[in-house]
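Participant: Dropping a structure here in structure tokens format, bear with me for questions.
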Amino acid sequence: MKIIAYGARVDEIDYLNQWGQTSGHELTIRTELLTEDTIHLAQGYDGINCLQTTPYSAAMFEKMGEYGIKYLTIRNVGTDNIDFEAAKKAGVRIANTPAYSPNAIAEFSVTMTLNLLRRLGEVEAALKADDYGKSTTFIGRELAQQTVGVIGAGRIGQAAIRLFNGFGAKVLAYDPHPVHTDLECEYVDLPTLYAQSDVIDLHIPGIAANDHLINAEAIAQMKPDAVIINTARGNLIDTKALLNALEAGKLGGAGIDTFENESSALVNFDQTGHFHDPLWDVLLQRSDVLLAPHIAYYTQTAVHNMVFYSLGYLIDFLTTGATETEVTR
């Protein structure tokens, strides 16, 4: 089979080359993102593999249909940037990579939680201001004494629950489709989770139904020192409502790895040469907020699996017409 991989990052190149050398298939590696302006590079290929947070547009899918390319697999989980209606119209089928390393993201959530509970941002700010005395005044909280509410108990959520259990925390969980496992957690409804949790950890997809799940109304139900962690999708949090609550002292902090306006700003990155957004810039100045550039997944294990799994799913598509991770919305 003849395959083209778009959006190749420096850290993926070796793994992509390894797959190409051992799979018996022809693989072309491109660093460009997949857009209507770069889709012409895929003419003559059997399938496309990709990684990006910027949009997969209707115009791009239309071109795929014209070229007779029926399959696209992505090296990540999130699909909220894909125009599925356009893909269906063009006859293109899509698969994601839902479980490349649940532990990587879960560990990052715990890392952010510990950082915020121990108020390390405030300590660091005081030290940078050359105020050693003040830096010793930020009393922290022990995770073992907290109640953690995990929203979304899929693969990543379950990994997070196990890690929080390991620290001795009480764990509440909410999932519209609860999975009954041996996890040490109590399934509750969202109002109960909001009211009782000291830490709220998000692990749900960025589908339209979840847009701004954490909004002013939800925050009003939370404890005034609650910490919110988002390593899932940016649209889950109403960032303006989050900032308003932080400024009013109605939250204890936030850890944001997936920012609400991330995609729109990244689309213009090549033209502007920087990543700036008014809300991001304000949050970045706050010592009770921990921002990260969408790197929760970013471990050696995860990058290897993203490449090898997603290309394997593409070969499944091309050879059997089906794969276990096909997504339709």
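Ligands are numbered from 1 in the order shown, chains are lettered A, B, ... in the order of the structure tokens, and residues start at 1 in each chain.
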Let's see if you can do this: from backbone DSSP, list all alpha helix (DSSP H) residues in range 118-180 of chain A, as a list in words.

Facilitator: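 Of range 118-180 of chain A, the ones in alpha helix (DSSP H) are Leu120, Gly121, Glu122, Val123, Glu124, Ala125, Ala126, Leu127, Lys128, Tyr132, Gly133, Lys134, Ser135, Arg155, Ile156, Gly157, Gln158, Ala159, Ala160, Ile161, Arg162, Leu163, Phe164, Asn165 and Gly166 of chain A.
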
Participant: Kindly provide the residues of range 188-215 of chain A that approach range 128-152 of chain A to within 6 Å, each paired with its closest atom pair and their distance in Å to one decimal, based on only C-alpha atoms, listed by chain and increasing number, as a Markdown table.

Facilitator:
| residue | atom | partner | partner_atom | distance |
| --- | --- | --- | --- | --- |
| A:Leu193 | CA | A:Gly149 | CA | 5.7 |
| A:Ser197 | CA | A:Thr147 | CA | 5.0 |
| A:Asp198 | CA | A:Thr147 | CA | 5.3 |
| A:Val199 | CA | A:Val148 | CA | 4.7 |
| A:Ile200 | CA | A:Gly149 | CA | 4.7 |
| A:Asp201 | CA | A:Val150 | CA | 4.8 |
| A:Leu202 | CA | A:Ile151 | CA | 5.0 |
| A:His203 | CA | A:Gly152 | CA | 4.8 |
| A:Ile204 | CA | A:Gly152 | CA | 4.8 |

Participant: What would the file look like if the residues just selected were written as a PDB file, in the first residue's frame with C-alpha atoms?

Facilitator:
ATOM      1  CA  LEU A 193     -19.589  15.875  41.917  1.00  0.00           C
ATOM      2  CA  SER A 197     -15.020  17.716  44.884  1.00  0.00           C
ATOM      3  CA  ASP A 198     -11.868  19.565  45.840  1.00  0.00           C
ATOM      4  CA  VAL A 199     -10.344  18.699  42.473  1.00  0.00           C
ATOM      5  CA  ILE A 200     -12.315  18.331  39.232  1.00  0.00           C
ATOM      6  CA  ASP A 201     -10.486  16.429  36.497  1.00  0.00           C
ATOM      7  CA  LEU A 202     -11.874  16.384  32.931  1.00  0.00           C
ATOM      8  CA  HIS A 203     -11.528  13.366  30.623  1.00  0.00           C
ATOM      9  CA  ILE A 204     -14.473  13.606  28.240  1.00  0.00           C
TER      10      ILE A 204
END

Participant: Residues near Lys250 in chain A, anyone? I mean within 12 Å using only C-alpha atoms, not counting same-chain ones fewer than 2 positions away, as a PDB file with C-alpha atoms, in the first residue's frame.

Facilitator:
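Final output, around19.pdb:
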ATOM      1  CA  ALA A 216     -20.497  29.971  35.293  1.00  0.00           C
ATOM      2  CA  ALA A 218     -21.298  24.823  37.059  1.00  0.00           C
ATOM      3  CA  ILE A 219     -18.583  26.827  38.828  1.00  0.00           C
ATOM      4  CA  ALA A 220     -21.196  28.351  41.144  1.00  0.00           C
ATOM      5  CA  GLN A 221     -21.932  24.837  42.415  1.00  0.00           C
ATOM      6  CA  MET A 222     -18.279  24.139  43.281  1.00  0.00           C
ATOM      7  CA  LYS A 223     -16.304  24.672  46.445  1.00  0.00           C
ATOM      8  CA  PRO A 224     -14.640  28.127  46.510  1.00  0.00           C
ATOM      9  CA  ASP A 225     -11.181  26.530  46.649  1.00  0.00           C
ATOM     10  CA  ALA A 226     -11.833  23.832  44.029  1.00  0.00           C
ATOM     11  CA  VAL A 227      -9.130  23.143  41.467  1.00  0.00           C
ATOM     12  CA  ILE A 228     -10.088  22.388  37.853  1.00  0.00           C
ATOM     13  CA  ALA A 241     -16.283  32.185  33.201  1.00  0.00           C
ATOM     14  CA  LEU A 242     -13.218  30.407  34.588  1.00  0.00           C
ATOM     15  CA  LEU A 243     -11.185  33.623  34.628  1.00  0.00           C
ATOM     16  CA  ASN A 244     -14.021  35.571  36.236  1.00  0.00           C
ATOM     17  CA  ALA A 245     -14.247  32.972  39.020  1.00  0.00           C
ATOM     18  CA  LEU A 246     -10.490  33.022  39.607  1.00  0.00           C
ATOM     19  CA  GLU A 247     -10.425  36.808  39.764  1.00  0.00           C
ATOM     20  CA  ALA A 248     -13.320  36.762  42.247  1.00  0.00           C
ATOM     21  CA  GLY A 252      -8.527  27.571  44.048  1.00  0.00           C
ATOM     22  CA  GLY A 253      -6.778  27.290  40.702  1.00  0.00           C
ATOM     23  CA  ALA A 254      -6.788  25.711  37.267  1.00  0.00           C
ATOM     24  CA  ASP A 288      -2.884  30.083  40.519  1.00  0.00           C
TER      25      ASP A 288
END

Participant: Could you tell me how far CA of Leu318 in chain A sits from CA of Ala86 in chain A, in Å to one decimal place?

Facilitator: 20.5 Å

Participant: Contacts of Pro55 in chain A at 9 Å or less, counting only C-alpha atoms, minus same-chain residues fewer than 5 places along, as a PDB file with all heavy atoms, in the first residue's frame?

Facilitator:
ATOM      1  N   LEU A  34      -2.545  18.948   6.922  1.00  0.00           N
ATOM      2  CA  LEU A  34      -3.454  18.539   5.859  1.00  0.00           C
ATOM      3  C   LEU A  34      -4.542  19.597   5.676  1.00  0.00           C
ATOM      4  O   LEU A  34      -5.399  19.783   6.546  1.00  0.00           O
ATOM      5  CB  LEU A  34      -4.080  17.188   6.202  1.00  0.00           C
ATOM      6  CG  LEU A  34      -5.088  16.614   5.211  1.00  0.00           C
ATOM      7  CD1 LEU A  34      -4.463  16.454   3.831  1.00  0.00           C
ATOM      8  CD2 LEU A  34      -5.624  15.271   5.709  1.00  0.00           C
ATOM      9  N   THR A  35      -4.506  20.290   4.556  1.00  0.00           N
ATOM     10  CA  THR A  35      -5.482  21.330   4.244  1.00  0.00           C
ATOM     11  C   THR A  35      -5.871  21.224   2.779  1.00  0.00           C
ATOM     12  O   THR A  35      -5.298  20.420   2.023  1.00  0.00           O
ATOM     13  CB  THR A  35      -4.909  22.736   4.493  1.00  0.00           C
ATOM     14  OG1 THR A  35      -3.882  22.998   3.516  1.00  0.00           O
ATOM     15  CG2 THR A  35      -4.321  22.857   5.892  1.00  0.00           C
ATOM     16  N   ASP A  80     -13.053  16.677  17.208  1.00  0.00           N
ATOM     17  CA  ASP A  80     -13.925  17.843  17.112  1.00  0.00           C
ATOM     18  C   ASP A  80     -13.498  18.823  16.025  1.00  0.00           C
ATOM     19  O   ASP A  80     -14.246  19.738  15.685  1.00  0.00           O
ATOM     20  CB  ASP A  80     -13.995  18.566  18.467  1.00  0.00           C
ATOM     21  CG  ASP A  80     -12.627  18.891  19.022  1.00  0.00           C
ATOM     22  OD1 ASP A  80     -11.876  17.941  19.286  1.00  0.00           O
ATOM     23  OD2 ASP A  80     -12.308  20.075  19.201  1.00  0.00           O
ATOM     24  N   ASN A  81     -12.314  18.644  15.437  1.00  0.00           N
ATOM     25  CA  ASN A  81     -11.857  19.505  14.344  1.00  0.00           C
ATOM     26  C   ASN A  81     -12.115  18.886  12.970  1.00  0.00           C
ATOM     27  O   ASN A  81     -11.608  19.369  11.958  1.00  0.00           O
ATOM     28  CB  ASN A  81     -10.371  19.831  14.495  1.00  0.00           C
ATOM     29  CG  ASN A  81      -9.494  18.587  14.571  1.00  0.00           C
ATOM     30  OD1 ASN A  81      -9.954  17.511  14.966  1.00  0.00           O
ATOM     31  ND2 ASN A  81      -8.232  18.713  14.214  1.00  0.00           N
ATOM     32  N   ILE A  82     -12.917  17.811  12.925  1.00  0.00           N
ATOM     33  CA  ILE A  82     -13.196  17.107  11.671  1.00  0.00           C
ATOM     34  C   ILE A  82     -14.620  17.390  11.212  1.00  0.00           C
ATOM     35  O   ILE A  82     -15.566  17.266  11.987  1.00  0.00           O
ATOM     36  CB  ILE A  82     -12.998  15.587  11.848  1.00  0.00           C
ATOM     37  CG1 ILE A  82     -11.533  15.270  12.164  1.00  0.00           C
ATOM     38  CG2 ILE A  82     -13.432  14.832  10.586  1.00  0.00           C
ATOM     39  CD1 ILE A  82     -11.273  13.810  12.474  1.00  0.00           C
ATOM     40  N   ASP A  83     -14.775  17.762   9.948  1.00  0.00           N
ATOM     41  CA  ASP A  83     -16.096  17.975   9.356  1.00  0.00           C
ATOM     42  C   ASP A  83     -16.612  16.616   8.878  1.00  0.00           C
ATOM     43  O   ASP A  83     -16.389  16.211   7.736  1.00  0.00           O
ATOM     44  CB  ASP A  83     -15.992  18.966   8.197  1.00  0.00           C
ATOM     45  CG  ASP A  83     -17.351  19.391   7.662  1.00  0.00           C
ATOM     46  OD1 ASP A  83     -18.305  18.590   7.771  1.00  0.00           O
ATOM     47  OD2 ASP A  83     -17.461  20.498   7.122  1.00  0.00           O
ATOM     48  N   SER A 263      -7.041  26.139  18.809  1.00  0.00           N
ATOM     49  CA  SER A 263      -7.034  25.841  17.377  1.00  0.00           C
ATOM     50  C   SER A 263      -7.051  27.097  16.527  1.00  0.00           C
ATOM     51  O   SER A 263      -6.299  27.214  15.558  1.00  0.00           O
ATOM     52  CB  SER A 263      -8.218  24.949  17.016  1.00  0.00           C
ATOM     53  OG  SER A 263      -8.099  23.692  17.646  1.00  0.00           O
ATOM     54  N   VAL A 267      -4.016  28.245  13.880  1.00  0.00           N
ATOM     55  CA  VAL A 267      -4.214  28.401  12.443  1.00  0.00           C
ATOM     56  C   VAL A 267      -3.392  29.576  11.917  1.00  0.00           C
ATOM     57  O   VAL A 267      -2.851  29.542  10.806  1.00  0.00           O
ATOM     58  CB  VAL A 267      -5.709  28.612  12.120  1.00  0.00           C
ATOM     59  CG1 VAL A 267      -5.886  29.060  10.684  1.00  0.00           C
ATOM     60  CG2 VAL A 267      -6.483  27.325  12.350  1.00  0.00           C
TER      61      VAL A 267
END

Participant: From the list A:Ala195, A:Glu12, A:Glu107, A:Ala153, which residue is nearest His177 in chain A when using only C-alpha atoms?

Facilitator: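 Using only C-alpha atoms, His177 in chain A sits closest to A:Ala153.
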
Participant: What's around Val327 in chain A at 8 Å? Count only C-alpha atoms, leave out sequence neighbours fewer than 6 positions away in its own chain, and write the answer as a PyMOL selection string.

Facilitator: chain A and resi 93-96

Participant: Counting only C-alpha atoms, which residue out of A:Val110, A:Ala208, A:Ala58, A:Ala42 sits closest to Thr79 in chain A?

Facilitator: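 Of A:Val110, A:Ala208, A:Ala58, A:Ala42, the one nearest Thr79 in chain A is A:Ala208, counting only C-alpha atoms.
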
Participant: DSSP on the backbone, strand (DSSP E or B) only: what residues of range 85-231 of chain A does that give? Format it as a list in words.

Facilitator: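 So, restricting range 85-231 of chain A to strand (DSSP E or B), we get Arg93, Ile94, Ala95, Thr147, Val148, Gly149, Val150, Ile151, Lys170, Val171, Leu172, Ala173, Tyr174, Glu186, Tyr187, Val199, Ile200, Asp201, Leu202, Ile214, Val227, Ile228, Ile229 and Asn230 of chain A.
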
Participant: Can you spit out the residues from that selection as a tab-separated table (two decimals), in the first residue's frame, using N, CA, C and O atoms?

Facilitator:
chain	number	residue	atom	x	y	z
A	93	ARG	N	-13.83	7.61	5.07
A	93	ARG	CA	-14.02	7.02	6.40
A	93	ARG	C	-12.80	7.33	7.26
A	93	ARG	O	-11.67	7.42	6.75
A	94	ILE	N	-13.05	7.47	8.57
A	94	ILE	CA	-12.03	8.01	9.49
A	94	ILE	C	-11.90	7.12	10.71
A	94	ILE	O	-12.88	6.59	11.23
A	95	ALA	N	-10.68	6.98	11.19
A	95	ALA	CA	-10.42	6.29	12.46
A	95	ALA	C	-9.47	7.14	13.28
A	95	ALA	O	-8.56	7.78	12.74
A	147	THR	N	-11.09	15.18	47.95
A	147	THR	CA	-12.04	14.42	47.13
A	147	THR	C	-11.85	14.88	45.69
A	147	THR	O	-11.91	16.07	45.39
A	148	VAL	N	-11.57	13.92	44.81
A	148	VAL	CA	-11.32	14.21	43.40
A	148	VAL	C	-12.52	13.75	42.58
A	148	VAL	O	-12.95	12.59	42.68
A	149	GLY	N	-13.06	14.65	41.78
A	149	GLY	CA	-14.16	14.30	40.89
A	149	GLY	C	-13.65	14.14	39.47
A	149	GLY	O	-13.16	15.11	38.87
A	150	VAL	N	-13.73	12.93	38.95
A	150	VAL	CA	-13.26	12.64	37.59
A	150	VAL	C	-14.47	12.60	36.67
A	150	VAL	O	-15.36	11.76	36.84
A	151	ILE	N	-14.50	13.50	35.70
A	151	ILE	CA	-15.60	13.55	34.74
A	151	ILE	C	-15.16	12.85	33.47
A	151	ILE	O	-14.28	13.33	32.75
A	170	LYS	N	-10.14	10.31	47.96
A	170	LYS	CA	-11.48	9.78	47.69
A	170	LYS	C	-11.84	10.21	46.28
A	170	LYS	O	-11.66	11.37	45.90
A	171	VAL	N	-12.37	9.29	45.47
A	171	VAL	CA	-12.66	9.61	44.07
A	171	VAL	C	-14.14	9.45	43.77
A	171	VAL	O	-14.73	8.39	44.03
A	172	LEU	N	-14.73	10.51	43.23
A	172	LEU	CA	-16.07	10.47	42.67
A	172	LEU	C	-15.93	10.44	41.15
A	172	LEU	O	-14.96	10.97	40.60
A	173	ALA	N	-16.88	9.84	40.47
A	173	ALA	CA	-16.80	9.78	39.01
A	173	ALA	C	-18.17	10.05	38.41
A	173	ALA	O	-19.20	9.67	38.96
A	174	TYR	N	-18.13	10.74	37.27
A	174	TYR	CA	-19.36	10.92	36.49
A	174	TYR	C	-19.08	10.48	35.07
A	174	TYR	O	-18.05	10.84	34.47
A	186	GLU	N	-16.88	6.26	43.38
A	186	GLU	CA	-18.33	6.28	43.52
A	186	GLU	C	-18.91	7.10	42.37
A	186	GLU	O	-18.56	8.26	42.20
A	187	TYR	N	-19.76	6.47	41.56
A	187	TYR	CA	-20.41	7.18	40.48
A	187	TYR	C	-21.51	8.08	41.05
A	187	TYR	O	-22.35	7.62	41.82
A	199	VAL	N	-11.02	18.69	43.77
A	199	VAL	CA	-10.34	18.70	42.47
A	199	VAL	C	-11.32	18.14	41.45
A	199	VAL	O	-11.95	17.11	41.68
A	200	ILE	N	-11.46	18.81	40.31
A	200	ILE	CA	-12.32	18.33	39.23
A	200	ILE	C	-11.45	18.12	38.00
A	200	ILE	O	-10.81	19.05	37.50
A	201	ASP	N	-11.41	16.87	37.54
A	201	ASP	CA	-10.49	16.43	36.50
A	201	ASP	C	-11.30	15.98	35.28
A	201	ASP	O	-12.11	15.06	35.38
A	202	LEU	N	-11.06	16.63	34.13
A	202	LEU	CA	-11.87	16.38	32.93
A	202	LEU	C	-11.22	15.39	31.99
A	202	LEU	O	-10.07	15.56	31.59
A	214	ILE	N	-18.11	23.14	31.79
A	214	ILE	CA	-17.70	23.95	32.94
A	214	ILE	C	-17.95	25.40	32.58
A	214	ILE	O	-17.16	26.05	31.88
A	227	VAL	N	-10.12	23.07	42.54
A	227	VAL	CA	-9.13	23.14	41.47
A	227	VAL	C	-9.68	22.39	40.26
A	227	VAL	O	-10.18	21.27	40.40
A	228	ILE	N	-9.59	23.00	39.08
A	228	ILE	CA	-10.09	22.39	37.85
A	228	ILE	C	-8.91	22.02	36.96
A	228	ILE	O	-8.01	22.84	36.73
A	229	ILE	N	-8.92	20.78	36.46
A	229	ILE	CA	-7.85	20.27	35.59
A	229	ILE	C	-8.45	19.87	34.25
A	229	ILE	O	-9.40	19.08	34.20
A	230	ASN	N	-7.89	20.39	33.16
A	230	ASN	CA	-8.37	20.02	31.83
A	230	ASN	C	-7.22	19.58	30.93
A	230	ASN	O	-6.46	20.41	30.44

Participant: Find the residue from A:Tyr71, A:Phe164, A:Tyr6, A:Tyr298 that sits nearest to Ile39 in chain A; use only C-alpha atoms when measuring.

Facilitator: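 The closest residue to Ile39 in chain A is A:Tyr6.
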
Participant: Set the distance at 12 Å and use only C-alpha atoms: which residues neighbour Ile256 in chain A once local chain neighbours fewer than 2 positions away are removed? I'd like the list as a count of residues only.

Facilitator: 43

Participant: With a distance cut-off of 12 Å and only C-alpha atoms, select the neighbouring residues of Asp316 in chain A, excluding the residue or stretch itself and same-chain residues fewer than 5 positions from it, and output the selection as an MDAnalysis selection string.

Facilitator: chainID A and resid 1 47 71:73 94:95 309:311 321:326

Participant: With only C-alpha atoms as the atoms that count, which of A:Ile48, A:Val188, A:Leu33, A:Ala104 lies nearest to Gly312 in chain A?

Facilitator: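 Distance minimum relative to Gly312 in chain A lands on A:Ile48.
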